[in-house]
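All remarks here apply to the structure that follows.
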Amino acid sequence: LAPAIALAGLGSFGLAGGSVLQHRSATASTQSGSTRSVHSTHQDSGCPAATPTGQSHATTMTRRQLAAMIRRPAWLAGMLAVVVATLLNLAALRLAPVTVIQPLGVMAVVWSVLLAPSGAGRRRGHSGSRRTGATWASVALILAGLIGFTVFSTTTTTTAAAIPGVTPVLAGAAISCLVGATLTATHRLAPAGLRCLALGASGAVFYGLTATLVRLGFSLLSAGDALTSTSVITTAAGALAACLVGGVIVQQAYALGHAEIVVAALTTIDPIVA
């Protein structure tokens, strides 16, 4: 299991770095869209334009803002980092069960705390993401939990592929989609400070489903199913769809709050779902 754990650790760093870069791009896209909207409104009314820094709360991105965001070099660099991290995670899932690999992704929370600029929140009108003593205490707890988890998982887990039946897989996928869709549809009902967490949790549900379907696909291949078999193709299609849906939701979460919050939601809820 050691190579799989090492790959998962490297993947967590790539996820954190990519998340921070994508968060910056999402923030810039929402701010530029708000600036154009404010200037246009005040020009039509003949009043002086205000700056977006006085906004009391963040909003999700429009389709135009999403299109502008994905053309930003920082977002593309972040996407590359996430893709590399995903490939490392896939390689780890090929070597070890999902119950070992997915929880190790919580290391990305530590990386994101270290990589995220402490003043990012103040530029958006939030309270900021200052690293306090409580922050470092939380980081220490995460590291202690990871060390303990890694020690126990390497001594009690088998790498033998376990293939669940069709009914559990379909039931799990249906429940995951229902929970993720509900969180996305109702996130505006939550207090402003929790909307980012709600969308991050929704994206995490879909990402957890993605990881499970990927591991199932590898198990099917190991059991002798052909790459072009209906079971493998269906599993791969489901994983791709869940990944794409989760990705869009996560980008909206970045627009609403700090990267650390989104990464924390992803790396704690994702393994629970998986």
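By convention here, the chains of the structure tokens are called A, B, ... in the order presented, each chain's residues are numbered starting at 1, and ligands are numbered starting at 1 in the order presented.
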
**Study point:** Selection near region 202-210 of chain A, 8 Å with only C-alpha atoms, sequence-local residues under 2 positions removed, as a PyMOL selection string
**Key:** chain A and resi 173+176-177+179-181+183-184+198-200+212-214+238-240+242-243+245-247+249-250+265-267+269-274

Please identify all polymer residues within 10 Å of Val109 (chain A), counting only C-alpha atoms, omitting same-chain residues fewer than 5 positions from it, and present them as a short mmCIF file (atom, residue, chain, number, x, y, z; two decimals) with N, CA and C atoms, in the first residue's frame.
```cif
data_model
loop_
_atom_site.label_atom_id
_atom_site.label_comp_id
_atom_site.auth_asym_id
_atom_site.auth_seq_id
_atom_site.Cartn_x
_atom_site.Cartn_y
_atom_site.Cartn_z
N SER A 12 -2.95 15.02 -3.32
CA SER A 12 -3.57 16.00 -2.44
C SER A 12 -2.91 17.37 -2.58
N PHE A 13 -1.60 17.40 -2.80
CA PHE A 13 -0.90 18.67 -3.01
C PHE A 13 -1.35 19.32 -4.31
N LEU A 15 -4.22 18.88 -5.80
CA LEU A 15 -5.60 19.34 -5.62
C LEU A 15 -5.63 20.68 -4.90
N ALA A 16 -4.81 20.81 -3.84
CA ALA A 16 -4.79 22.06 -3.08
C ALA A 16 -4.28 23.21 -3.93
N LEU A 114 -1.75 26.43 3.77
CA LEU A 114 -0.41 26.96 3.57
C LEU A 114 -0.28 27.76 2.28
N LEU A 115 -1.02 27.36 1.24
CA LEU A 115 -0.88 27.99 -0.06
C LEU A 115 -1.78 29.20 -0.25
N SER A 138 -5.95 23.08 14.33
CA SER A 138 -6.73 22.21 13.44
C SER A 138 -5.82 21.46 12.48
N VAL A 139 -4.82 22.15 11.95
CA VAL A 139 -3.86 21.50 11.06
C VAL A 139 -3.14 20.37 11.78
N ILE A 142 -5.41 17.40 12.06
CA ILE A 142 -5.52 16.70 10.77
C ILE A 142 -4.32 15.81 10.55
N ALA A 259 -11.02 29.13 -0.60
CA ALA A 259 -10.60 27.85 -1.16
C ALA A 259 -10.48 26.79 -0.07
N GLU A 260 -10.01 27.20 1.13
CA GLU A 260 -9.83 26.23 2.21
C GLU A 260 -11.14 25.57 2.61
N ILE A 261 -12.24 26.35 2.57
CA ILE A 261 -13.54 25.81 2.95
C ILE A 261 -13.99 24.77 1.93
N VAL A 262 -13.81 25.08 0.65
CA VAL A 262 -14.21 24.15 -0.41
C VAL A 262 -13.38 22.88 -0.34
N VAL A 263 -12.07 23.04 -0.19
CA VAL A 263 -11.19 21.87 -0.10
C VAL A 263 -11.53 21.02 1.12
N ALA A 264 -11.83 21.67 2.24
CA ALA A 264 -12.21 20.92 3.44
C ALA A 264 -13.48 20.11 3.21
N ALA A 265 -14.46 20.72 2.53
CA ALA A 265 -15.69 19.99 2.23
C ALA A 265 -15.41 18.81 1.30
N LEU A 266 -14.59 19.06 0.29
CA LEU A 266 -14.27 17.99 -0.67
C LEU A 266 -13.57 16.82 -0.01
N THR A 267 -12.59 17.13 0.82
CA THR A 267 -11.74 16.06 1.35
C THR A 267 -12.31 15.37 2.59
N THR A 268 -13.40 15.88 3.13
CA THR A 268 -14.04 15.17 4.26
C THR A 268 -15.31 14.45 3.82
#
```

**Study point:** Nearest-residue call for Leu141 (chain A), choices A:Ala8, A:Thr167, A:Ala96, A:Val106, using only C-alpha atoms
**Key:**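 The answer is A:Val106, which sits nearest to Leu141 (chain A).
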
Exercise for review: Rank A:Ile233, A:Gln251, A:Trp136, A:Val100 by their smallest atom-to-atom distance to Thr155 (chain A), using only C-alpha atoms, and report the top residue only.
Suggested key: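 For Thr155 (chain A), the nearest of the given residues is A:Val100.
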
Point to revise | Pick from A:Leu189, A:Ala68, A:Leu104, A:Val169 nearest to Arg215 (chain A), counting only C-alpha atoms | key: A:Val169

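CA of Ala92 (chain A) to CA of Ala6 (chain A) spans 8.2 Å [interatomic distance, one decimal].
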